[in-house]
Each structure stands twice: as C-alpha cells, then as structure tokens.
>>> print(open('my_file30.cif').read())   # mmCIF, C-alpha atoms (C1' of nucleotides)
data_data
loop_
_atom_site.label_atom_id
_atom_site.label_comp_id
_atom_site.auth_asym_id
_atom_site.auth_seq_id
_atom_site.Cartn_x
_atom_site.Cartn_y
_atom_site.Cartn_z
CA MET A 1 0.65 -5.63 -16.28
CA ASP A 2 0.44 -5.73 -12.50
CA ALA A 3 1.17 -8.77 -10.41
CA THR A 4 -2.45 -9.62 -9.67
CA GLN A 5 -3.29 -9.49 -13.34
CA GLU A 6 -0.37 -11.79 -14.09
CA MET A 7 -1.51 -14.26 -11.45
CA SER A 8 -5.02 -14.28 -12.81
CA GLU A 9 -3.66 -14.95 -16.30
CA VAL A 10 -1.82 -17.97 -14.94
CA TYR A 11 -4.87 -19.22 -13.08
CA LYS A 12 -6.86 -18.83 -16.25
CA LEU A 13 -4.47 -21.30 -17.85
CA LEU A 14 -4.90 -23.70 -14.93
CA GLY A 15 -8.64 -23.23 -15.27
CA ASP A 16 -8.93 -25.75 -18.05
CA LYS A 17 -9.00 -29.43 -17.20
CA THR A 18 -6.87 -30.44 -20.15
CA ARG A 19 -4.12 -27.96 -19.35
CA LEU A 20 -4.23 -28.66 -15.64
CA THR A 21 -3.79 -32.35 -16.40
CA ILE A 22 -0.94 -31.65 -18.81
CA LEU A 23 0.90 -29.69 -16.15
CA ALA A 24 0.29 -32.43 -13.60
CA LEU A 25 1.67 -34.97 -16.08
CA LEU A 26 4.74 -32.85 -16.71
CA ARG A 27 5.33 -32.68 -12.98
CA VAL A 28 5.98 -36.42 -13.13
CA GLN A 29 8.29 -36.29 -16.13
CA GLU A 30 8.89 -34.49 -19.38
CA LEU A 31 6.73 -35.66 -22.26
CA CYS A 32 6.46 -35.11 -25.97
CA VAL A 33 3.35 -34.09 -27.80
CA CYS A 34 2.62 -37.57 -29.05
CA HIS A 35 2.57 -38.82 -25.46
CA LEU A 36 0.06 -36.20 -24.48
CA VAL A 37 -2.11 -36.90 -27.50
CA ASP A 38 -2.08 -40.55 -26.53
CA ILE A 39 -2.62 -40.14 -22.80
CA LEU A 40 -5.32 -37.51 -23.06
CA ASP A 41 -6.90 -38.93 -26.20
CA MET A 42 -7.15 -35.57 -27.90
CA SER A 43 -6.18 -34.33 -31.34
CA GLN A 44 -2.60 -33.29 -32.00
CA PRO A 45 -3.47 -29.70 -33.00
CA ASN A 46 -5.54 -29.33 -29.89
CA ILE A 47 -2.65 -30.38 -27.67
CA SER A 48 -0.27 -28.17 -29.64
CA GLN A 49 -2.48 -25.15 -29.09
CA HIS A 50 -2.57 -25.78 -25.37
CA MET A 51 1.21 -26.18 -25.29
CA ARG A 52 1.62 -22.92 -27.12
CA LYS A 53 -0.40 -21.10 -24.48
CA LEU A 54 1.50 -22.74 -21.67
CA LYS A 55 4.78 -21.94 -23.34
CA SER A 56 4.01 -18.32 -24.08
CA ALA A 57 3.04 -17.87 -20.44
CA GLY A 58 6.42 -19.32 -19.52
CA LEU A 59 4.99 -22.29 -17.64
CA VAL A 60 6.69 -24.90 -19.81
CA LYS A 61 9.78 -25.10 -21.95
CA GLU A 62 10.51 -27.30 -24.93
CA THR A 63 13.52 -29.32 -26.01
CA ARG A 64 13.79 -30.92 -29.38
CA LYS A 65 15.16 -34.45 -29.38
CA GLY A 66 15.42 -35.44 -32.98
CA GLN A 67 11.95 -35.80 -34.33
CA TRP A 68 10.27 -35.21 -31.02
CA ILE A 69 9.71 -32.11 -28.99
CA TYR A 70 9.72 -32.69 -25.29
CA TYR A 71 7.95 -30.34 -22.93
CA SER A 72 8.86 -29.86 -19.30
CA LEU A 73 7.77 -27.59 -16.48
CA ASN A 74 9.40 -24.20 -16.09
CA ILE A 75 7.96 -23.00 -12.82
CA GLN A 76 10.95 -22.65 -10.52
CA ASP A 77 10.18 -18.98 -10.17
CA LYS A 78 6.42 -19.46 -9.69
CA PRO A 79 5.92 -20.97 -6.24
CA TYR A 80 2.17 -20.60 -6.36
CA VAL A 81 2.00 -22.72 -9.49
CA ARG A 82 4.08 -25.41 -7.82
CA LEU A 83 1.75 -25.38 -4.86
CA ALA A 84 -1.26 -25.56 -7.14
CA LEU A 85 0.10 -28.57 -8.99
CA GLU A 86 0.94 -30.37 -5.77
CA HIS A 87 -2.76 -30.48 -5.02
CA VAL A 88 -3.85 -31.99 -8.32
CA PRO A 89 -4.78 -35.67 -7.97
CA SER A 90 -2.02 -38.06 -8.97
CA VAL A 91 -1.61 -38.89 -12.63
CA LYS A 92 1.28 -41.32 -12.26
CA GLU A 93 -0.68 -44.35 -13.33
CA LYS A 94 -1.55 -42.61 -16.58
CA ILE A 95 2.04 -42.04 -17.40
CA GLU A 96 4.00 -45.12 -16.43
CA LYS A 97 3.72 -47.00 -19.70
CA TYR A 98 5.53 -44.19 -21.53
CA ASN A 99 8.71 -44.31 -19.52
CA SER A 100 10.94 -45.79 -22.18
CA HIS A 101 9.51 -45.31 -25.63
CA CYS A 102 7.86 -42.75 -27.87
CA CYS A 103 4.91 -43.05 -30.18
CA MET B 1 -17.34 -34.49 -11.74
CA ASP B 2 -13.86 -35.72 -10.88
CA ALA B 3 -11.48 -33.91 -8.58
CA THR B 4 -9.26 -32.50 -11.33
CA GLN B 5 -12.26 -31.10 -13.12
CA GLU B 6 -13.43 -29.50 -9.89
CA MET B 7 -10.02 -27.95 -9.32
CA SER B 8 -9.93 -26.54 -12.82
CA GLU B 9 -13.39 -25.03 -12.32
CA VAL B 10 -12.11 -23.28 -9.22
CA TYR B 11 -8.99 -22.05 -10.99
CA LYS B 12 -11.17 -20.75 -13.78
CA LEU B 13 -12.87 -18.57 -11.19
CA LEU B 14 -9.50 -17.35 -9.92
CA GLY B 15 -8.54 -16.69 -13.53
CA ASP B 16 -10.28 -13.36 -13.63
CA LYS B 17 -8.58 -10.34 -12.13
CA THR B 18 -11.75 -8.91 -10.66
CA ARG B 19 -12.69 -12.13 -8.89
CA LEU B 20 -9.16 -12.80 -7.72
CA THR B 21 -9.07 -9.32 -6.21
CA ILE B 22 -12.46 -9.81 -4.58
CA LEU B 23 -11.26 -13.00 -2.92
CA ALA B 24 -8.07 -11.27 -1.79
CA LEU B 25 -10.16 -8.47 -0.31
CA LEU B 26 -12.40 -10.93 1.51
CA ARG B 27 -9.33 -12.54 2.96
CA VAL B 28 -8.77 -9.30 4.85
CA GLN B 29 -12.36 -8.93 6.05
CA GLU B 30 -15.94 -9.54 5.06
CA LEU B 31 -17.39 -6.90 2.78
CA CYS B 32 -20.75 -6.01 1.34
CA VAL B 33 -21.49 -5.49 -2.32
CA CYS B 34 -21.46 -1.73 -2.07
CA HIS B 35 -17.92 -1.87 -0.67
CA LEU B 36 -16.76 -3.95 -3.57
CA VAL B 37 -18.47 -1.69 -6.08
CA ASP B 38 -16.72 1.23 -4.51
CA ILE B 39 -13.28 -0.33 -4.10
CA LEU B 40 -13.17 -1.91 -7.53
CA ASP B 41 -15.03 0.89 -9.28
CA MET B 42 -17.28 -1.47 -11.17
CA SER B 43 -21.02 -1.59 -11.70
CA GLN B 44 -23.22 -3.20 -9.06
CA PRO B 45 -24.68 -5.85 -11.40
CA ASN B 46 -21.21 -6.77 -12.52
CA ILE B 47 -20.05 -7.35 -8.96
CA SER B 48 -23.25 -9.24 -8.17
CA GLN B 49 -22.68 -11.59 -11.09
CA HIS B 50 -19.17 -12.33 -9.93
CA MET B 51 -20.41 -12.96 -6.40
CA ARG B 52 -23.03 -15.33 -7.70
CA LYS B 53 -20.36 -17.41 -9.44
CA LEU B 54 -18.15 -17.41 -6.38
CA LYS B 55 -21.07 -18.37 -4.19
CA SER B 56 -22.36 -21.16 -6.39
CA ALA B 57 -18.85 -22.62 -6.43
CA GLY B 58 -18.92 -22.50 -2.65
CA LEU B 59 -15.98 -20.13 -2.34
CA VAL B 60 -17.88 -17.44 -0.47
CA LYS B 61 -20.90 -17.28 1.78
CA GLU B 62 -23.29 -14.43 2.40
CA THR B 63 -24.86 -12.98 5.51
CA ARG B 64 -27.57 -10.40 5.44
CA LYS B 65 -27.19 -7.57 7.91
CA GLY B 66 -30.28 -5.49 7.51
CA GLN B 67 -30.12 -3.80 4.17
CA TRP B 68 -26.68 -5.08 3.36
CA ILE B 69 -25.42 -8.46 2.31
CA TYR B 70 -21.96 -9.25 3.54
CA TYR B 71 -19.79 -11.77 1.76
CA SER B 72 -17.00 -13.73 3.39
CA LEU B 73 -14.65 -16.50 2.37
CA ASN B 74 -15.76 -20.09 2.71
CA ILE B 75 -12.60 -22.00 1.88
CA GLN B 76 -11.75 -23.89 5.06
CA ASP B 77 -12.05 -27.12 3.13
CA LYS B 78 -10.10 -25.88 0.09
CA PRO B 79 -6.44 -25.64 1.12
CA TYR B 80 -5.25 -24.99 -2.40
CA VAL B 81 -7.46 -21.92 -2.64
CA ARG B 82 -6.07 -20.62 0.65
CA LEU B 83 -2.56 -21.12 -0.68
CA ALA B 84 -3.44 -19.37 -3.91
CA LEU B 85 -4.84 -16.36 -2.11
CA GLU B 86 -1.83 -16.12 0.17
CA HIS B 87 0.23 -15.33 -2.90
CA VAL B 88 -1.93 -12.52 -4.22
CA PRO B 89 -0.34 -9.11 -3.63
CA SER B 90 -1.67 -7.31 -0.57
CA VAL B 91 -4.89 -5.36 -0.90
CA LYS B 92 -5.00 -4.04 2.65
CA GLU B 93 -4.48 -0.45 1.70
CA LYS B 94 -7.50 -0.62 -0.59
CA ILE B 95 -9.71 -1.74 2.20
CA GLU B 96 -8.77 0.21 5.29
CA LYS B 97 -11.13 3.10 4.83
CA TYR B 98 -14.13 0.77 4.94
CA ASN B 99 -13.46 -0.66 8.35
CA SER B 100 -16.29 1.05 10.17
CA HIS B 101 -18.98 2.22 7.81
CA CYS B 102 -20.99 1.15 4.82
CA CYS B 103 -21.84 3.02 1.67
"C1'" DT C 1 15.79 -37.03 -53.47
"C1'" DA C 2 11.32 -38.41 -52.04
"C1'" DC C 3 8.37 -39.84 -48.44
"C1'" DA C 4 6.73 -40.36 -43.81
"C1'" DA C 5 6.42 -38.92 -39.05
"C1'" DA C 6 6.06 -35.32 -35.48
"C1'" DC C 7 4.71 -31.07 -34.62
"C1'" DA C 8 3.19 -26.13 -35.52
"C1'" DT C 9 0.24 -22.75 -37.42
"C1'" DA C 10 -3.84 -20.71 -39.55
"C1'" DA C 11 -8.68 -20.46 -40.39
"C1'" DT C 12 -13.09 -21.50 -38.91
"C1'" DT C 13 -16.88 -22.49 -35.75
"C1'" DA C 14 -19.59 -23.13 -31.64
"C1'" DA C 15 -19.81 -22.30 -26.95
"C1'" DA C 16 -18.58 -19.79 -22.88
"C1'" DT C 17 -17.72 -15.52 -20.66
"C1'" DG C 18 -17.63 -10.59 -18.83
"C1'" DA C 19 -19.92 -6.44 -19.01
"C1'" DT C 20 -23.91 -3.53 -19.72
"C1'" DT C 21 -28.72 -2.25 -19.53
"C1'" DA C 22 -33.07 -2.88 -17.75
"C1'" DT C 23 -35.98 -4.64 -14.30
"C1'" DA C 24 -37.33 -7.10 -10.06
"C1'" DT C 25 -37.01 -8.08 -5.01
"C1'" DA C 26 -36.23 -7.06 -0.25
"C1'" DT C 27 -35.29 -4.05 3.54
"C1'" DT C 28 -35.43 0.39 5.84
"C1'" DA C 29 -37.16 4.94 6.66
"C1'" DA C 30 -40.42 8.69 6.14
"C1'" DT D 1 -48.06 2.98 2.69
"C1'" DT D 2 -44.83 5.20 -0.12
"C1'" DA D 3 -40.16 6.16 -1.31
"C1'" DA D 4 -35.36 5.16 -1.19
"C1'" DT D 5 -31.49 2.05 -0.75
"C1'" DA D 6 -29.07 -2.34 -1.48
"C1'" DT D 7 -28.86 -6.18 -4.06
"C1'" DA D 8 -30.32 -9.83 -7.43
"C1'" DT D 9 -31.80 -11.41 -11.81
"C1'" DA D 10 -32.68 -11.43 -16.75
"C1'" DA D 11 -31.68 -10.14 -21.39
"C1'" DT D 12 -28.44 -8.69 -24.58
"C1'" DC D 13 -23.98 -8.00 -26.79
"C1'" DA D 14 -19.14 -8.25 -27.81
"C1'" DT D 15 -15.18 -10.83 -26.88
"C1'" DT D 16 -12.71 -14.81 -25.76
"C1'" DT D 17 -11.89 -19.49 -25.95
"C1'" DA D 18 -11.56 -24.59 -27.02
"C1'" DA D 19 -11.88 -27.60 -30.60
"C1'" DT D 20 -11.80 -28.92 -35.42
"C1'" DT D 21 -10.13 -28.95 -40.11
"C1'" DA D 22 -6.74 -27.95 -43.29
"C1'" DT D 23 -2.11 -26.91 -44.33
"C1'" DG D 24 2.81 -25.83 -43.50
"C1'" DT D 25 7.50 -26.93 -41.54
"C1'" DT D 26 11.12 -29.74 -39.82
"C1'" DT D 27 13.46 -34.00 -39.08
"C1'" DG D 28 14.53 -38.70 -40.03
"C1'" DT D 29 14.69 -42.50 -43.33
"C1'" DA D 30 14.18 -45.33 -47.55
#
>>> encode(input="my_file30.cif", output="structure tokens")
Amino acid sequence: MDATQEMSEVYKLLGDKTRLTILALLRVQELCVCHLVDILDMSQPNISQHMRKLKSAGLVKETRKGQWIYYSLNIQDKPYVRLALEHVPSVKEKIEKYNSHCC
Amino acid sequence: MDATQEMSEVYKLLGDKTRLTILALLRVQELCVCHLVDILDMSQPNISQHMRKLKSAGLVKETRKGQWIYYSLNIQDKPYVRLALEHVPSVKEKIEKYNSHCC
DNA sequence: TACAAACATAATTAAATGATTATATATTAA
DNA sequence: TTAATATATAATCATTTAATTATGTTTGTA
C-alpha cells in the first residue's frame, strides 16, 4: 500500500466524530473503555469496535491494568496525526472528573 | 453542527485516496476535470462526483474558462487542511505535462 | 469455586458511500 | 443551427460502515 493510500486510511478513521473525539480525549490522558463509554454516552461494544479500528491502524496502544484496559495514543511516528489532533476543539472539561477513579 | 463534527466531515473527505490525491494535485496548480480524469485514469462522472463533494464542503472552488471548468483549492481559512495536504507525498511529476494545454 | 465486572468478538441490520451507466446542460465550432 | 466537447446530474448497484444485540473471555472478588 502506497503512502497516500495509508494517509487516506488514517484520515478515514479521523473522519468519524466519535473516533476523532476519542483521539482528542486520549491526547489529554490515557483512558479505559469504561471512561469512554461514560464520557461519550455510547454502548460498550460500540466503543470497543472503534478502539479495535484505531488499534489495528496503530494509532492507539492498550495496557491492561488489572480489570481495566487503558488506551493511549501511539502517534509519535505520525506527525500529521499529531497536527490534526492539535486542531480539534478542547475536550479537557469532559475529562477532568475521571482523573482519579474508574467506573 | 459543532466544530468537531465539521472537522470530522472534512477528514472523511480526505479519507478517500482519490480525493486526497485530487487535493494534493490542486495544491500544485488549478486543474480542470479533464486533467483529473486523465491523470487519475478514472471516469468523468466519478471525478465530477468527487468534485461536487469537495465543493459543497467548501474545500475547492471552480472557475469556468470557456468550455473548461477549473478547480482550485479554497482552504485559506482551514489551516488543518493545509497542514494535512503538506504531508501528502508529492504529486508534481504527475502533473507537469499538463502545464500548458488542456485535453 | 462461583459470580460479577470490564472488555472483546461475532452476527445482524440500516444507512452511507464510491463507482458505473445513462442522460442532461452548457459552451464552442462548423 | 447543428454537431462536438466538457462537465454535471440522476439512477442504480455493490460495498463499506456504524450501531445494535447477543455472546464469549478474562480478571477480580465473595
């Protein structure tokens, strides 16, 4: 797959409001699925499916912490994704209440 | 429509290899439909449909020059689109032969 | 060990999307 | 005015996609 194709595949992933918001949230801090379900008010399987796509594209990575699986950004090597996320409106206020506890 | 939604709509448009290439080509110079048909080796209606989407999202504008309709970028007010296109692999070699004539 | 919680996966469905085919419109040239 | 060229639009079709529903897997806990 050529580079332009790869870029368009990534933009396709950003081309969904839910996923774009998830990535913007993860730019603030790592989060587990239950956080995302709560913040975005969507079903758990729906969030999981989005995370699977993001993960298989290499945009996020996961870390299990006991019962919870935390997702974080994995875009060091994708400067254009970083730039894209820098332009997404702030989501910090959506996230602050989750700083210390899980669901 | 909120700003994040708008951004995701734009990324959805970039999330197609044909359209991403068209935008990269237009970054080099304005082009008419017949150029794009020729360069991308796709059907005229197909290109026209893509141009309609790009135009209705405000990413390109058109100028009629006699028989031909030239498209050009219209992204002065969309810095994140400019940044995105700066990272698309160069398409200059695809375009050079069209500098002076039309189809 | 048994149960509950967190998450993933699979199957299904409805809607959106890209491409094709056919046709219409507008401009230029004979 | 007729024909040809460039482009747009409409209709159709196959594929993809987001979401839901149902079920499976793993981890922690009673």
>>> closest_atom_pairs(input="my_file30.cif", of="chain B", to="chain A", cutoff="6 Å", atoms="only C-alpha atoms", output="Markdown table")
| residue | atom | partner | partner_atom | distance |
| --- | --- | --- | --- | --- |
| B:Gln5 | CA | A:Lys17 | CA | 5.5 |
| B:Ser8 | CA | A:Gly15 | CA | 4.3 |
| B:Glu9 | CA | A:Gly15 | CA | 5.9 |
| B:Tyr11 | CA | A:Gly15 | CA | 4.5 |
| B:Lys12 | CA | A:Gly15 | CA | 3.8 |
| B:Leu14 | CA | A:Tyr11 | CA | 5.9 |
| B:Gly15 | CA | A:Lys12 | CA | 3.8 |
| B:Asp16 | CA | A:Ser8 | CA | 5.4 |
| B:Lys17 | CA | A:Ser8 | CA | 5.4 |
>>> interface_residues(input="my_file30.cif", of="chain B", to="chain D", cutoff="12 Å", atoms="only C-alpha atoms (C1' of nucleotides)", output="PyMOL selection string")
chain B and resi 32-35+37+43-52+62+64-70+102-103
>>> write_last_selection(input="my_file30.cif", atoms="C-alpha atoms", output="JSON list (two decimals), in the coordinates of the input")
[["chain", "number", "residue", "atom", "x", "y", "z"],
["B", 32, "CYS", "CA", -20.75, -6.01, 1.34],
["B", 33, "VAL", "CA", -21.49, -5.49, -2.32],
["B", 34, "CYS", "CA", -21.46, -1.73, -2.07],
["B", 35, "HIS", "CA", -17.92, -1.87, -0.67],
["B", 37, "VAL", "CA", -18.47, -1.69, -6.08],
["B", 43, "SER", "CA", -21.02, -1.59, -11.70],
["B", 44, "GLN", "CA", -23.22, -3.20, -9.06],
["B", 45, "PRO", "CA", -24.68, -5.85, -11.40],
["B", 46, "ASN", "CA", -21.21, -6.77, -12.52],
["B", 47, "ILE", "CA", -20.05, -7.35, -8.96],
["B", 48, "SER", "CA", -23.25, -9.24, -8.17],
["B", 49, "GLN", "CA", -22.68, -11.59, -11.09],
["B", 50, "HIS", "CA", -19.17, -12.33, -9.93],
["B", 51, "MET", "CA", -20.41, -12.96, -6.40],
["B", 52, "ARG", "CA", -23.03, -15.33, -7.70],
["B", 62, "GLU", "CA", -23.29, -14.43, 2.40],
["B", 64, "ARG", "CA", -27.57, -10.40, 5.44],
["B", 65, "LYS", "CA", -27.19, -7.57, 7.91],
["B", 66, "GLY", "CA", -30.28, -5.49, 7.51],
["B", 67, "GLN", "CA", -30.12, -3.80, 4.17],
["B", 68, "TRP", "CA", -26.68, -5.08, 3.36],
["B", 69, "ILE", "CA", -25.42, -8.46, 2.31],
["B", 70, "TYR", "CA", -21.96, -9.25, 3.54],
["B", 102, "CYS", "CA", -20.99, 1.15, 4.82],
["B", 103, "CYS", "CA", -21.84, 3.02, 1.67]]
>>> interface_residues(input="my_file30.cif", of="chain C", to="chain A", cutoff="10 Å", atoms="only C-alpha atoms (C1' of nucleotides)", output="list in words")
DA5, DA6, DC7, DA8 and DT9 of chain C
>>> atom_distance(input="my_file30.cif", atom1="atom CA of Tyr71 of chain A", atom2="atom CA of Ala57 of chain A")
13.6 Å
>>> atom_distance(input="my_file30.cif", atom1="atom CA of Leu59 of chain A", atom2="atom CA of Asp41 of chain A")
22.2 Å
>>> atom_distance(input="my_file30.cif", atom1="atom C1' of DA19 of chain C", atom2="atom CA of Lys53 of chain B")
14.6 Å
>>> residues_around(input="my_file30.cif", residues="Val60 of chain B", least_positions_apart="2", cutoff="7 Å", atoms="only C-alpha atoms (C1' of nucleotides)", output="list in words")
Leu54, Lys55, Gly58, Glu62, Tyr71, Ser72, Leu73 and Asn74 of chain B
